[in-house]
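Note: the block below is data-v8.cif and it holds mmCIF, C-alpha atoms.
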```cif
data_final
loop_
_atom_site.label_atom_id
_atom_site.label_comp_id
_atom_site.auth_asym_id
_atom_site.auth_seq_id
_atom_site.Cartn_x
_atom_site.Cartn_y
_atom_site.Cartn_z
CA MET W 1 0.48 26.92 -6.49
CA PRO W 2 0.15 30.71 -6.33
CA SER W 3 -3.12 32.36 -7.28
CA GLU W 4 -3.53 34.82 -10.14
CA ARG W 5 -3.57 37.72 -7.75
CA GLU W 6 -0.24 36.73 -6.21
CA LEU W 7 1.23 36.30 -9.70
CA GLU W 8 0.18 39.85 -10.54
CA ILE W 9 1.85 41.18 -7.41
CA SER W 10 5.08 39.22 -7.80
CA PRO W 11 5.41 38.18 -11.45
CA ILE W 12 7.45 35.18 -12.59
CA VAL W 13 10.10 35.10 -15.30
CA GLN W 14 9.16 32.38 -17.78
CA GLU W 15 12.66 31.99 -19.24
CA SER W 16 14.18 31.34 -15.83
CA LEU W 17 11.45 28.83 -15.04
CA ILE W 18 12.09 26.96 -18.30
CA HIS W 19 15.85 27.08 -17.77
CA ASN W 20 15.59 25.64 -14.26
CA SER W 21 13.12 22.92 -15.23
CA ARG W 22 15.28 21.89 -18.17
CA THR W 23 18.40 21.73 -15.99
CA LEU W 24 16.60 19.50 -13.49
CA TYR W 25 15.05 17.36 -16.23
CA ASN W 26 18.42 16.75 -17.93
CA LEU W 27 19.98 15.71 -14.65
CA GLN W 28 17.08 13.39 -13.80
CA SER W 29 17.00 11.59 -17.12
CA LEU W 30 20.78 11.11 -17.08
CA THR W 31 20.90 9.82 -13.54
CA ALA W 32 17.87 7.53 -14.05
CA SER W 33 19.79 5.65 -16.75
CA LEU W 34 22.77 5.48 -14.42
CA PHE W 35 20.64 3.99 -11.62
CA GLY W 36 19.31 1.44 -14.09
CA ILE W 37 22.87 0.40 -14.89
CA SER W 38 23.77 -0.15 -11.25
CA ALA W 39 20.47 -1.90 -10.49
CA GLY W 40 21.19 -4.26 -13.38
CA ILE W 41 24.71 -4.95 -12.14
CA LEU W 42 23.42 -5.66 -8.66
CA GLY W 43 20.84 -8.00 -10.15
CA LEU W 44 17.90 -6.48 -8.32
CA GLU W 45 14.47 -7.89 -9.03
CA SER W 46 10.90 -6.57 -8.71
CA TYR W 47 10.24 -4.34 -5.70
CA SER W 48 13.85 -3.99 -4.55
CA GLY W 49 14.79 -2.47 -7.93
CA PHE W 50 12.05 0.14 -7.70
CA LEU W 51 13.00 0.83 -4.09
CA PHE W 52 16.60 1.37 -5.24
CA TYR W 53 15.35 3.80 -7.86
CA LEU W 54 13.18 5.64 -5.35
CA ILE W 55 16.02 6.02 -2.84
CA PHE W 56 18.56 7.21 -5.38
CA SER W 57 16.10 9.64 -7.01
CA LEU W 58 15.49 11.23 -3.64
CA LEU W 59 19.26 11.31 -3.08
CA THR W 60 19.65 13.09 -6.43
CA ALA W 61 17.11 15.69 -5.42
CA VAL W 62 18.81 16.23 -2.06
CA LEU W 63 22.27 16.55 -3.66
CA PHE W 64 20.94 18.94 -6.29
CA TYR W 65 19.32 20.97 -3.55
CA LEU W 66 22.55 21.10 -1.55
CA VAL W 67 24.73 22.05 -4.52
CA ARG W 68 22.57 24.38 -6.60
CA VAL W 69 19.63 25.61 -4.54
CA ALA W 70 20.73 25.82 -0.93
CA PRO W 71 23.64 28.33 -1.04
CA SER W 72 21.69 31.23 -2.56
CA SER W 73 18.29 30.19 -1.24
CA LEU W 74 19.40 30.12 2.39
CA ALA W 75 21.30 33.38 1.89
CA ALA W 76 18.07 34.98 0.67
CA GLY W 77 16.38 34.03 3.93
CA LYS W 78 14.30 31.04 2.78
CA SER W 79 13.78 28.21 5.21
CA PRO W 80 15.73 24.96 4.64
CA LEU W 81 14.33 22.59 1.97
CA ASP W 82 12.32 25.45 0.46
CA THR W 83 12.84 25.54 -3.32
CA SER W 84 10.45 28.39 -4.11
CA ARG W 85 13.31 30.65 -5.22
CA TYR W 86 13.95 28.49 -8.30
CA PHE W 87 10.91 26.23 -8.80
CA ARG W 88 7.12 26.56 -8.90
CA GLY W 89 6.19 23.96 -6.37
CA PRO W 90 7.95 21.55 -4.05
CA PHE W 91 6.29 18.52 -5.69
CA GLU W 92 7.90 19.26 -9.07
CA PHE W 93 11.33 19.42 -7.47
CA TRP W 94 11.26 16.49 -5.07
CA ALA W 95 9.09 13.96 -6.89
CA GLY W 96 9.03 15.09 -10.52
CA GLY W 97 12.09 13.02 -11.37
CA LEU W 98 10.38 9.76 -10.46
CA MET W 99 8.13 9.93 -13.49
CA ASN W 100 10.65 11.63 -15.81
CA GLY W 101 13.29 8.97 -15.59
CA LEU W 102 11.29 5.80 -14.99
CA ALA W 103 11.34 4.68 -18.64
CA GLY W 104 15.10 5.18 -18.94
CA PHE W 105 15.63 3.39 -15.65
CA ILE W 106 13.69 0.28 -16.70
CA LEU W 107 15.39 0.25 -20.10
CA THR W 108 18.95 0.16 -18.74
CA TRP W 109 17.95 -2.00 -15.77
CA THR W 110 16.64 -4.81 -17.97
CA LEU W 111 19.49 -4.40 -20.44
CA LEU W 112 22.26 -4.68 -17.86
CA TYR W 113 20.45 -7.44 -15.99
CA GLY W 114 20.31 -9.43 -19.20
CA LEU W 115 23.95 -8.69 -20.04
CA VAL W 116 25.32 -9.63 -16.64
CA ARG W 117 23.11 -12.63 -15.80
CA ALA W 118 22.65 -14.23 -19.18
CA MET P 1 34.58 23.56 -11.72
CA THR P 2 33.67 21.91 -14.98
CA PHE P 3 36.97 20.04 -15.00
CA LEU P 4 36.36 18.84 -11.45
CA SER P 5 32.89 17.49 -12.25
CA LYS P 6 34.11 15.77 -15.40
CA ALA P 7 37.05 14.19 -13.56
CA ILE P 8 34.75 12.90 -10.80
CA THR P 9 32.29 11.51 -13.37
CA ALA P 10 35.06 9.79 -15.34
CA PHE P 11 36.50 8.24 -12.18
CA GLY P 12 33.07 6.96 -11.15
CA GLY P 13 32.51 5.58 -14.65
CA LEU P 14 35.77 3.65 -14.42
CA LEU P 15 34.72 2.18 -11.08
CA LEU P 16 31.29 1.27 -12.45
CA ALA P 17 32.78 -0.45 -15.49
CA HIS P 18 35.05 -2.45 -13.23
CA ALA P 19 32.15 -3.45 -11.01
CA CYS P 20 30.12 -4.48 -14.06
CA TYR P 21 32.97 -6.65 -15.36
CA SER P 22 33.47 -8.21 -11.94
CA ALA P 23 29.78 -9.07 -11.63
CA ARG P 24 29.80 -10.59 -15.12
CA GLU P 25 32.81 -12.73 -14.30
CA HIS P 26 31.33 -13.76 -10.98
CA THR P 27 28.08 -15.00 -12.51
CA ALA P 28 29.97 -16.78 -15.28
CA LEU P 29 32.09 -18.55 -12.70
CA GLN P 30 29.03 -19.41 -10.62
CA SER P 31 27.16 -20.93 -13.56
CA LEU P 32 30.24 -22.92 -14.58
CA ARG P 33 30.67 -24.24 -11.06
CA ALA P 34 26.97 -25.10 -10.86
CA ALA P 35 27.14 -26.97 -14.15
CA THR P 36 30.16 -29.05 -13.11
CA ALA P 37 28.70 -29.73 -9.67
CA ALA P 38 25.41 -30.84 -11.22
CA SER P 39 27.15 -33.22 -13.61
CA LEU P 40 29.30 -34.69 -10.85
CA THR P 41 27.08 -34.99 -7.81
CA SER P 42 23.57 -34.14 -9.11
CA THR P 43 22.85 -32.04 -6.02
CA PRO P 44 21.44 -28.64 -6.99
CA THR P 45 23.63 -25.78 -5.73
CA VAL P 46 21.90 -22.56 -4.92
CA ALA P 47 23.07 -19.53 -6.89
CA THR P 48 24.82 -17.28 -4.40
CA SER P 49 24.38 -13.52 -4.60
CA LEU P 50 27.14 -11.11 -5.47
CA PRO P 51 30.09 -10.67 -3.09
CA VAL P 52 29.95 -7.69 -0.80
CA ASP P 53 32.87 -5.87 -2.43
CA ILE P 54 31.21 -5.80 -5.86
CA ILE P 55 27.97 -4.53 -4.31
CA LEU P 56 29.84 -1.84 -2.42
CA GLU P 57 31.85 -0.84 -5.48
CA THR P 58 28.67 -0.52 -7.57
CA ILE P 59 26.88 1.63 -5.02
CA ILE P 60 29.89 3.83 -4.33
CA SER P 61 30.64 4.34 -8.02
CA THR P 62 26.98 5.25 -8.63
CA PHE P 63 27.21 7.79 -5.88
CA VAL P 64 30.47 9.21 -7.27
CA ILE P 65 29.02 9.59 -10.78
CA LEU P 66 25.90 11.15 -9.29
CA LEU P 67 28.05 13.66 -7.44
CA GLY P 68 29.96 14.51 -10.62
CA LEU P 69 26.77 14.97 -12.63
CA VAL P 70 25.18 17.18 -9.99
CA LEU P 71 28.31 19.32 -9.79
CA GLY P 72 28.21 19.63 -13.58
CA THR P 73 24.67 21.04 -13.77
CA ARG P 74 24.24 24.63 -14.85
CA PRO P 75 23.51 27.27 -12.22
CA LEU P 76 19.83 28.07 -11.69
CA ARG P 77 18.16 31.44 -12.16
CA PRO P 78 15.67 33.04 -9.78
CA ILE P 79 12.11 32.82 -11.09
CA GLU P 80 10.59 35.79 -9.27
CA TRP P 81 10.87 38.88 -11.40
CA ARG P 82 12.05 41.20 -8.64
CA VAL P 83 14.78 38.79 -7.46
CA TRP P 84 15.90 38.13 -11.02
CA ALA P 85 16.00 41.80 -12.03
CA GLY P 86 17.83 42.66 -8.82
CA LYS P 87 20.45 40.04 -9.56
CA ILE P 88 20.98 41.49 -13.04
CA GLU P 89 21.25 44.97 -11.59
CA ARG P 90 23.81 43.95 -8.97
CA GLU P 91 25.93 41.39 -10.79
CA GLY P 92 25.35 42.01 -14.49
CA GLU P 93 26.77 39.37 -16.79
CA GLU P 94 28.80 37.71 -14.03
CA GLY P 95 25.64 36.40 -12.40
CA PHE P 96 24.57 34.48 -15.50
CA THR P 97 27.53 32.35 -16.44
CA ASP P 98 27.74 28.62 -16.84
CA ASN P 99 30.29 26.43 -15.06
CA SER P 100 33.20 27.28 -17.34
CA GLY P 101 32.68 31.01 -16.80
CA ALA P 102 31.20 31.89 -20.21
CA VAL P 103 28.10 34.07 -20.27
CA ASP P 104 24.90 32.21 -21.16
CA LYS P 105 23.84 32.60 -24.76
CA ASP P 106 20.29 33.59 -23.87
CA PHE P 107 21.32 36.25 -21.39
CA MET P 108 19.61 39.41 -22.61
CA GLY P 109 20.77 41.92 -20.03
CA ASN P 110 18.82 44.48 -18.11
CA PRO P 111 15.08 44.20 -18.88
CA PHE P 112 14.75 47.95 -18.34
CA SER P 113 17.66 48.96 -20.58
CA ALA P 114 15.36 50.47 -23.23
CA PHE P 115 13.64 52.41 -20.47
CA GLU P 116 16.88 53.69 -18.97
CA SER P 117 18.51 54.79 -22.22
CA ARG P 118 15.67 57.00 -23.47
CA PRO P 119 17.06 59.83 -25.65
CA ASN P 120 15.34 62.44 -23.49
CA PHE P 121 17.48 61.48 -20.55
CA VAL P 122 20.86 61.36 -22.23
CA ASP P 123 23.38 63.66 -20.52
CA ILE P 124 24.62 65.36 -23.67
CA ARG P 125 26.97 67.78 -21.87
CA LYS P 126 28.72 64.92 -20.12
CA GLN P 127 29.14 63.08 -23.37
CA ARG P 128 30.53 66.25 -25.02
CA ARG P 129 33.02 66.66 -22.19
CA GLU P 130 34.15 63.09 -22.51
CA PHE P 131 34.49 63.48 -26.25
CA ALA P 132 36.59 66.63 -25.82
CA GLU P 133 38.91 64.86 -23.38
CA TRP P 134 39.25 62.01 -25.78
CA VAL P 135 40.17 64.34 -28.63
CA GLN P 136 42.72 66.14 -26.46
CA LYS P 137 44.34 62.95 -25.34
CA GLY P 138 44.02 61.08 -28.60
CA GLY P 139 44.69 58.10 -26.40
CA SER P 140 44.56 54.52 -27.47
CA GLU P 141 42.52 53.23 -24.55
CA ALA P 142 39.81 55.83 -25.24
CA THR P 143 39.59 54.66 -28.82
CA ARG P 144 38.90 51.15 -27.68
CA TYR P 145 36.24 52.34 -25.26
CA TYR P 146 34.34 54.34 -27.83
CA ALA P 147 34.66 51.67 -30.48
CA GLY P 148 33.12 49.24 -28.04
CA SER P 149 30.29 51.45 -26.88
CA THR P 150 29.10 52.81 -30.21
CA ARG P 151 28.82 49.47 -31.91
#
```
Take the structure in the file and write it out as structure tokens.
Amino acid sequence: MPSERELEISPIVQESLIHNSRTLYNLQSLTASLFGISAGILGLESYSGFLFYLIFSLLTAVLFYLVRVAPSSLAAGKSPLDTSRYFRGPFEFWAGGLMNGLAGFILTWTLLYGLVRA
Amino acid sequence: MTFLSKAITAFGGLLLAHACYSAREHTALQSLRAATAASLTSTPTVATSLPVDIILETIISTFVILLGLVLGTRPLRPIEWRVWAGKIEREGEEGFTDNSGAVDKDFMGNPFSAFESRPNFVDIRKQRREFAEWVQKGGSEATRYYAGSTR
């Protein structure tokens, strides 16, 4: 997290920040429901379901990085896996989706599990 | 680009629906078989897990939909002011389009446009020269240009 002094030297555009966060948030909540559907079809239970969610959330972040962040970020001279061109901190990008989509994941997981196994 | 992502997502959705139906049918068949076996021999049969092809189809279709959704996300914008303003300066509207090529609705252009178009710095002689050429030509393409710029 940059200090106030660094923010004064290199200011940040709020609209871009909001736009990027909203793009990521939309993707994460959509894909979390999707992962719930496939976890329900597979009939996963307890820890293996959450492990499935964890793995696919990380995969989402990596794919999103490769498609949207990496081409211009690497061209601008940032090191690989550095998202500071588009996002505040690395934690928000790589792990923020875990909390955003958890409710949607459990909802569709239990629903599809009940539909398929009942 | 937007057509590609939608086609990939639709294809993955088809695969996922098929996998879901297969899993449903498989469990229905398993429970039926278990019920008949229990009534005939009274030995409890263990419920087998899904066949490998359904598992593979589910995971692959999830991955395909995920790919389609990621390809369908809107392009990001740089958050640092100097990078962002430089991108506007270099690329203009073309740098702020969504996947289908339309300019974003909240694109507001150069942040320094008010600063750069101060009346004190208008080149009035150049504008008069251009106006004189336009009057001499009376051309149609000049009319369109001025109608666009004065509005």
Residues within 12 Å of (19.8, -11.5, -11.9), counting all atoms listed in the file, listed as a PyMOL selection string = (chain W and resi 39-46+49+109-118) or (chain P and resi 23-24+26-28+47-50)
Check the smallest atom-to-atom distance from each of W:Leu66, W:Glu6, W:Glu92, W:Ser29 to Pro80 of chain W using all atoms listed in the file, then report the winner.
->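 Of W:Leu66, W:Glu6, W:Glu92, W:Ser29, the one nearest Pro80 of chain W is W:Leu66, counting all atoms listed in the file.
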For Leu34 of chain W: contacts at 12 Å, only C-alpha atoms, fewer than 6 positions along chain excluded, given as a short mmCIF file (atom, residue, chain, number, x, y, z; two decimals) with C-alpha atoms, in the coordinates of the input:
```
data_model
loop_
_atom_site.label_atom_id
_atom_site.label_comp_id
_atom_site.auth_asym_id
_atom_site.auth_seq_id
_atom_site.Cartn_x
_atom_site.Cartn_y
_atom_site.Cartn_z
CA LEU W 27 19.98 15.71 -14.65
CA GLN W 28 17.08 13.39 -13.80
CA GLY W 40 21.19 -4.26 -13.38
CA ILE W 41 24.71 -4.95 -12.14
CA PHE W 52 16.60 1.37 -5.24
CA TYR W 53 15.35 3.80 -7.86
CA PHE W 56 18.56 7.21 -5.38
CA SER W 57 16.10 9.64 -7.01
CA THR W 60 19.65 13.09 -6.43
CA GLY W 101 13.29 8.97 -15.59
CA LEU W 102 11.29 5.80 -14.99
CA GLY W 104 15.10 5.18 -18.94
CA PHE W 105 15.63 3.39 -15.65
CA ILE W 106 13.69 0.28 -16.70
CA LEU W 107 15.39 0.25 -20.10
CA THR W 108 18.95 0.16 -18.74
CA TRP W 109 17.95 -2.00 -15.77
CA LEU W 112 22.26 -4.68 -17.86
CA THR P 9 32.29 11.51 -13.37
CA GLY P 12 33.07 6.96 -11.15
CA GLY P 13 32.51 5.58 -14.65
CA LEU P 16 31.29 1.27 -12.45
CA ALA P 17 32.78 -0.45 -15.49
CA THR P 58 28.67 -0.52 -7.57
CA ILE P 59 26.88 1.63 -5.02
CA SER P 61 30.64 4.34 -8.02
CA THR P 62 26.98 5.25 -8.63
CA PHE P 63 27.21 7.79 -5.88
CA VAL P 64 30.47 9.21 -7.27
CA ILE P 65 29.02 9.59 -10.78
CA LEU P 66 25.90 11.15 -9.29
CA LEU P 67 28.05 13.66 -7.44
CA LEU P 69 26.77 14.97 -12.63
#
```
Enumerate, as a ChimeraX atom specification, the residues matched when the PyMOL selection byres ((chain W) within 6 of (chain P)) is run on the file above.
-> /W:11-13,16-17,20,41,64,85-86,116
Write out the residues from the selection above, keeping C-alpha atoms, as a short mmCIF file (atom, residue, chain, number, x, y, z; two decimals), keeping the file's coordinate frame.
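Ended up saving to part.cif:
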```
data_model
loop_
_atom_site.label_atom_id
_atom_site.label_comp_id
_atom_site.auth_asym_id
_atom_site.auth_seq_id
_atom_site.Cartn_x
_atom_site.Cartn_y
_atom_site.Cartn_z
CA PRO W 11 5.41 38.18 -11.45
CA ILE W 12 7.45 35.18 -12.59
CA VAL W 13 10.10 35.10 -15.30
CA SER W 16 14.18 31.34 -15.83
CA LEU W 17 11.45 28.83 -15.04
CA ASN W 20 15.59 25.64 -14.26
CA ILE W 41 24.71 -4.95 -12.14
CA PHE W 64 20.94 18.94 -6.29
CA ARG W 85 13.31 30.65 -5.22
CA TYR W 86 13.95 28.49 -8.30
CA VAL W 116 25.32 -9.63 -16.64
#
```
Atom CA of Gly77 of chain W to atom CA of Gly68 of chain P: how many Å, to one decimal?
->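 Between these atoms lies a distance of 27.9 Å.
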Record the distance separating atom CA of Lys78 of chain W and atom CA of Ser113 of chain P, expressed in Å with one decimal.
->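 Going from atom CA of Lys78 of chain W over to atom CA of Ser113 of chain P covers 29.6 Å.
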May I ask for the distance between atom CA of Leu58 of chain W and atom CA of Asn100 of chain W, given in Å to one decimal place?
->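 Going from atom CA of Leu58 of chain W over to atom CA of Asn100 of chain W, I get 13.1 Å.
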So which residues get picked by the PyMOL selection byres ((chain P and resi 109) around 12) here, written as a list in words?
->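 Output from the PyMOL selection byres ((chain P and resi 109) around 12), applied to this file: Trp84, Ala85, Gly86, Lys87, Ile88, Glu89, Arg90, Glu91, Gly92, Glu93, Glu94, Gly95, Phe96, Val103, Asp104, Lys105, Asp106, Phe107, Met108, Asn110, Pro111, Phe112, Ser113 and Ala114 of chain P.
Using all atoms listed in the file for every distance, the candidate list P:Ile60, P:Arg128, P:Glu116, P:Ala102 yields P:Ala102 as the residue closest to Thr2 of chain P.
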